[in-house]
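Each remark here refers to the structure printed beneath this line.
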Amino acid sequence: MEQPVPGSMFRNCTQDGWSEAFPRPDVACGVNMSGSSNERRHTYLLKLKVMYTVGYSASLSMLLVALSILCAFRRLHCTRNYIHMHLFGSFILRALSIFIKDAVLFSSDDIAYCDSPRVGCKLVMVFFQYCIMANYAWLLVEGLYLHTLLVISFFSERKCLQGFVALGWGSPAVFVTLWALIRHFLEDNGCWDINANAAIWWVIRGPVILSILINFILFINILRILMRKLRTQETRGNEVNHYKRLAKSTLLLIPLFGIHYIVFAFSPEDAMEIQLFFELALGSFQGLVVAILYCFLNGEVQLEVQRKWRQWHQHEFPLRTMALSSSFSNSPSGLTQSTKASTSGQSRDICRASVI
Amino acid sequence: MMSAKDMAKVMIVMFVICFLTQSDGETIKKRSVSEIQLMHNRGKHLKSMERMEWLRKKMQDVQNFVGSPDPRDNISESLQRKEDNVPLDNRQKSLGETDKADVDVLMKAKPQ
């Protein structure tokens, strides 16, 4: 019998006529049509999508609550909380942009790629990239703020905040605009969702990796400074307590700075699947963790909420607590004013003291 | 304020990181933003799936064509169907102009 040549198909002449052609056309053409690896990848991608959708939904709901709490209570307004609010905002935008992107790109699995995508699809893509970059930028701002607070004794918080807002919302806009322009003129194919040209992708990736690296360095330096401060504070040699506090602050800072991103910063291509799983799992729940740690578990926030709750309760039953409620009302009496001033001063002090 | 010693330490750390990233250009090249990487992977995957589906359809056409005992029977059958005003099945609908050319070539190459 003849050796099967790639690209040829045969039929045997038998007594009952021609036999079935062999080998199968896909085998003859050297294409593996069984697609088991494709199927595997499909289920893997689907699993990832389900996981991060759950994570981002949980984060989104909690962050919305946290952000409204921080916005509602004026006594919580200080530079640190303003930065937290911006960070929460960027997390919310990130989650929203991912849902919008998924809805637009993968509304159906059999999307026709050859159709020329509309401008709207590309705009969604630009918005998505902007939100991702803005989130990384605000993680960097958190690191920069804490670092300046610990290293530099006197600085204008107002100017600092303006600079941070420019860095957090402005710098991603610059890079994403640049990326969109380059994409439009040099690689205008598909819905801009596949980055075939790595050089163009670097416009987005480069700044993100740089921000992760800078944040990691700041994180290490902050821990070093904290260690030194704790050591000088506790001369009685309470080593266990000392390390406990250090570990606590480390664990608190990791989600705030996004330090987990450094783990796979230098991972090889082989670890791509693990990296995607790890980073998407942690990244999607990061917003939730940050909202819980820096809003719901925060002492000041709990105090404020409790105070408001009591106040509201007293308004509900005004007859019974007439005398008490007068101190909470907005009457411009000197006593109330002074107590208000002192409490707001106190809260400002708390804000400063409990940086971590 | 930072002392000169601290500054030197930070410089060394940065230098080491720069060295690590530069020493093996390939490693850092792989690092990417996960969400965007996932979108990239998924887009490529869908594209390849679509390509595979297209190819499978074409292969099916070829197989059906080769599998039929005589192409002339096929044609007469389709002619018959046309006369009966019965819509053609999907397979024949999917045959475009270029496909017809391929089929012609195959018909010529087919051992009689």
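By order of appearance in the structure tokens: chains A, B, ..., then residues from 1 within every chain, and ligands from 1 in the order shown.
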
(message) Could you tell me which residues of chain A sit within 7 Å of chain B when counting only C-alpha atoms, and give me the result as an MDAnalysis selection string?
(response) chainID A and resid 20:21 25:26 113 151:152 193:195 205 265:269 276 279:280

(request) Find the spatial neighbours of Gly89 (chain A), counting only C-alpha atoms, within a cut-off of 9 Å - ignore same-chain residues fewer than 5 positions away - and output them as a count of residues only. (result) 6

(message) Using only C-alpha atoms, can you tell me which of A:Lys308, A:Arg183, A:His147, A:His260 comes closest to Arg74 (chain A)?
(response) A:Lys308

(request) May I have the residues within 10 Å of Ala247 (chain A) as a PyMOL selection string, using only C-alpha atoms and disregarding those fewer than 6 positions away in the same chain? (result) chain A and resi 223+241+253

Would you export the selected residues with all heavy atoms as a PDB file, in the first residue's frame, please?
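What follows is the written file again.pdb:
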ATOM      1  N   LEU A 223       8.275  50.095  55.450  1.00  0.00           N
ATOM      2  CA  LEU A 223       8.419  49.050  56.478  1.00  0.00           C
ATOM      3  C   LEU A 223       9.699  49.263  57.267  1.00  0.00           C
ATOM      4  O   LEU A 223       9.723  49.095  58.490  1.00  0.00           O
ATOM      5  CB  LEU A 223       8.428  47.666  55.835  1.00  0.00           C
ATOM      6  CG  LEU A 223       7.085  47.121  55.355  1.00  0.00           C
ATOM      7  CD1 LEU A 223       7.225  45.674  54.981  1.00  0.00           C
ATOM      8  CD2 LEU A 223       6.010  47.291  56.430  1.00  0.00           C
ATOM      9  N   ASN A 241       5.466  41.861  70.681  1.00  0.00           N
ATOM     10  CA  ASN A 241       4.491  42.902  70.386  1.00  0.00           C
ATOM     11  C   ASN A 241       4.951  43.737  69.184  1.00  0.00           C
ATOM     12  O   ASN A 241       4.171  44.072  68.296  1.00  0.00           O
ATOM     13  CB  ASN A 241       4.336  43.783  71.626  1.00  0.00           C
ATOM     14  CG  ASN A 241       3.101  44.645  71.514  1.00  0.00           C
ATOM     15  OD1 ASN A 241       2.228  44.360  70.694  1.00  0.00           O
ATOM     16  ND2 ASN A 241       3.037  45.689  72.302  1.00  0.00           N
ATOM     17  N   LEU A 253      -0.931  47.025  54.571  1.00  0.00           N
ATOM     18  CA  LEU A 253      -0.431  47.827  53.449  1.00  0.00           C
ATOM     19  C   LEU A 253      -0.439  47.066  52.124  1.00  0.00           C
ATOM     20  O   LEU A 253      -0.540  47.687  51.069  1.00  0.00           O
ATOM     21  CB  LEU A 253       0.990  48.306  53.740  1.00  0.00           C
ATOM     22  CG  LEU A 253       1.118  49.461  54.723  1.00  0.00           C
ATOM     23  CD1 LEU A 253       2.560  49.850  54.890  1.00  0.00           C
ATOM     24  CD2 LEU A 253       0.309  50.658  54.252  1.00  0.00           C
TER      25      LEU A 253
END

(request) Excluding Met125 (chain A) and residues on its chain fewer than 2 positions from it, collect all residues at most 12 Å away from it, counting only C-alpha atoms, and give them as a ChimeraX atom specification. (result) /A:97-105,117-123,127-132,176-177,179-180,183,190-195 /B:35-36,39-40

What would the file look like if the residues just selected were written as an mmCIF file, in the first residue's frame with N, CA and C atoms?
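Heads up, here's the output in out_15.cif:
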data_model
loop_
_atom_site.group_PDB
_atom_site.id
_atom_site.type_symbol
_atom_site.label_atom_id
_atom_site.label_comp_id
_atom_site.auth_asym_id
_atom_site.auth_seq_id
_atom_site.Cartn_x
_atom_site.Cartn_y
_atom_site.Cartn_z
ATOM 1 N N SER A 97 -15.719 49.185 34.230
ATOM 2 C CA SER A 97 -15.167 49.113 32.875
ATOM 3 C C SER A 97 -15.015 47.657 32.448
ATOM 4 N N ILE A 98 -14.697 46.776 33.399
ATOM 5 C CA ILE A 98 -14.555 45.359 33.045
ATOM 6 C C ILE A 98 -15.909 44.759 32.675
ATOM 7 N N PHE A 99 -16.945 45.140 33.416
ATOM 8 C CA PHE A 99 -18.282 44.630 33.065
ATOM 9 C C PHE A 99 -18.713 45.148 31.698
ATOM 10 N N ILE A 100 -18.452 46.432 31.445
ATOM 11 C CA ILE A 100 -18.859 47.015 30.159
ATOM 12 C C ILE A 100 -18.094 46.338 29.020
ATOM 13 N N LYS A 101 -16.776 46.175 29.235
ATOM 14 C CA LYS A 101 -15.936 45.546 28.211
ATOM 15 C C LYS A 101 -16.432 44.133 27.899
ATOM 16 N N ASP A 102 -16.736 43.367 28.964
ATOM 17 C CA ASP A 102 -17.209 41.995 28.756
ATOM 18 C C ASP A 102 -18.533 41.993 27.999
ATOM 19 N N ALA A 103 -19.404 42.937 28.347
ATOM 20 C CA ALA A 103 -20.706 42.992 27.691
ATOM 21 C C ALA A 103 -20.550 43.320 26.209
ATOM 22 N N VAL A 104 -19.616 44.214 25.911
ATOM 23 C CA VAL A 104 -19.465 44.643 24.522
ATOM 24 C C VAL A 104 -18.726 43.591 23.699
ATOM 25 N N LEU A 105 -17.631 43.075 24.278
ATOM 26 C CA LEU A 105 -16.773 42.171 23.501
ATOM 27 C C LEU A 105 -17.320 40.762 23.408
ATOM 28 N N PRO A 117 -15.227 46.505 13.425
ATOM 29 C CA PRO A 117 -15.882 46.928 14.654
ATOM 30 C C PRO A 117 -16.205 48.425 14.608
ATOM 31 N N ARG A 118 -17.241 48.787 15.314
ATOM 32 C CA ARG A 118 -17.652 50.181 15.310
ATOM 33 C C ARG A 118 -16.752 51.010 16.231
ATOM 34 N N VAL A 119 -16.940 52.331 16.128
ATOM 35 C CA VAL A 119 -16.142 53.245 16.947
ATOM 36 C C VAL A 119 -16.454 53.037 18.421
ATOM 37 N N GLY A 120 -17.711 52.713 18.717
ATOM 38 C CA GLY A 120 -18.119 52.525 20.103
ATOM 39 C C GLY A 120 -17.308 51.450 20.800
ATOM 40 N N CYS A 121 -17.047 50.378 20.089
ATOM 41 C CA CYS A 121 -16.265 49.265 20.651
ATOM 42 C C CYS A 121 -14.870 49.739 21.031
ATOM 43 N N LYS A 122 -14.278 50.543 20.148
ATOM 44 C CA LYS A 122 -12.927 51.050 20.428
ATOM 45 C C LYS A 122 -12.938 52.035 21.581
ATOM 46 N N LEU A 123 -13.989 52.842 21.663
ATOM 47 C CA LEU A 123 -14.088 53.790 22.774
ATOM 48 C C LEU A 123 -14.193 53.049 24.108
ATOM 49 N N PHE A 127 -11.640 53.348 27.241
ATOM 50 C CA PHE A 127 -12.132 53.579 28.600
ATOM 51 C C PHE A 127 -11.634 52.484 29.547
ATOM 52 N N PHE A 128 -11.670 51.252 29.073
ATOM 53 C CA PHE A 128 -11.211 50.104 29.865
ATOM 54 C C PHE A 128 -9.732 50.249 30.228
ATOM 55 N N GLN A 129 -8.930 50.569 29.225
ATOM 56 C CA GLN A 129 -7.489 50.724 29.480
ATOM 57 C C GLN A 129 -7.241 51.884 30.452
ATOM 58 N N TYR A 130 -8.018 52.963 30.288
ATOM 59 C CA TYR A 130 -7.844 54.122 31.162
ATOM 60 C C TYR A 130 -8.155 53.740 32.603
ATOM 61 N N CYS A 131 -9.256 53.021 32.811
ATOM 62 C CA CYS A 131 -9.644 52.664 34.177
ATOM 63 C C CYS A 131 -8.616 51.755 34.829
ATOM 64 N N ILE A 132 -8.092 50.811 34.074
ATOM 65 C CA ILE A 132 -7.070 49.912 34.621
ATOM 66 C C ILE A 132 -5.838 50.737 35.031
ATOM 67 N N VAL A 176 -2.984 56.745 27.848
ATOM 68 C CA VAL A 176 -4.043 56.075 27.079
ATOM 69 C C VAL A 176 -4.328 56.830 25.788
ATOM 70 N N THR A 177 -4.283 58.168 25.857
ATOM 71 C CA THR A 177 -4.468 58.954 24.635
ATOM 72 C C THR A 177 -3.369 58.632 23.634
ATOM 73 N N TRP A 179 -1.637 55.945 23.478
ATOM 74 C CA TRP A 179 -1.859 54.568 22.997
ATOM 75 C C TRP A 179 -2.940 54.549 21.922
ATOM 76 N N ALA A 180 -4.030 55.283 22.178
ATOM 77 C CA ALA A 180 -5.149 55.286 21.219
ATOM 78 C C ALA A 180 -4.705 55.882 19.886
ATOM 79 N N ARG A 183 -2.423 53.410 18.169
ATOM 80 C CA ARG A 183 -3.244 52.289 17.708
ATOM 81 C C ARG A 183 -4.025 52.679 16.455
ATOM 82 N N GLY A 190 -9.282 45.049 14.235
ATOM 83 C CA GLY A 190 -10.193 44.500 15.226
ATOM 84 C C GLY A 190 -10.773 45.602 16.097
ATOM 85 N N CYS A 191 -11.101 45.181 17.322
ATOM 86 C CA CYS A 191 -11.662 46.159 18.257
ATOM 87 C C CYS A 191 -10.574 46.631 19.203
ATOM 88 N N TRP A 192 -9.340 46.563 18.799
ATOM 89 C CA TRP A 192 -8.179 46.946 19.623
ATOM 90 C C TRP A 192 -8.076 46.054 20.863
ATOM 91 N N ASP A 193 -8.612 44.846 20.801
ATOM 92 C CA ASP A 193 -8.545 43.978 21.977
ATOM 93 C C ASP A 193 -7.356 43.026 21.901
ATOM 94 N N ILE A 194 -6.826 42.795 20.708
ATOM 95 C CA ILE A 194 -5.661 41.926 20.578
ATOM 96 C C ILE A 194 -4.438 42.805 20.342
ATOM 97 N N ASN A 195 -3.426 42.601 21.192
ATOM 98 C CA ASN A 195 -2.230 43.427 21.097
ATOM 99 C C ASN A 195 -1.146 42.641 20.381
ATOM 100 N N GLU B 35 -5.655 41.828 33.294
ATOM 101 C CA GLU B 35 -6.952 41.993 32.609
ATOM 102 C C GLU B 35 -6.753 42.148 31.101
ATOM 103 N N ILE B 36 -5.745 42.935 30.744
ATOM 104 C CA ILE B 36 -5.516 43.193 29.321
ATOM 105 C C ILE B 36 -4.952 41.944 28.665
ATOM 106 N N MET B 39 -7.783 39.602 28.092
ATOM 107 C CA MET B 39 -8.572 40.026 26.941
ATOM 108 C C MET B 39 -7.863 39.637 25.645
ATOM 109 N N HIS B 40 -6.543 39.854 25.654
ATOM 110 C CA HIS B 40 -5.718 39.495 24.494
ATOM 111 C C HIS B 40 -5.822 37.994 24.226
#

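Atom to atom, CA of Leu186 (chain A) and CA of Val203 (chain A) stand 13.3 Å apart.
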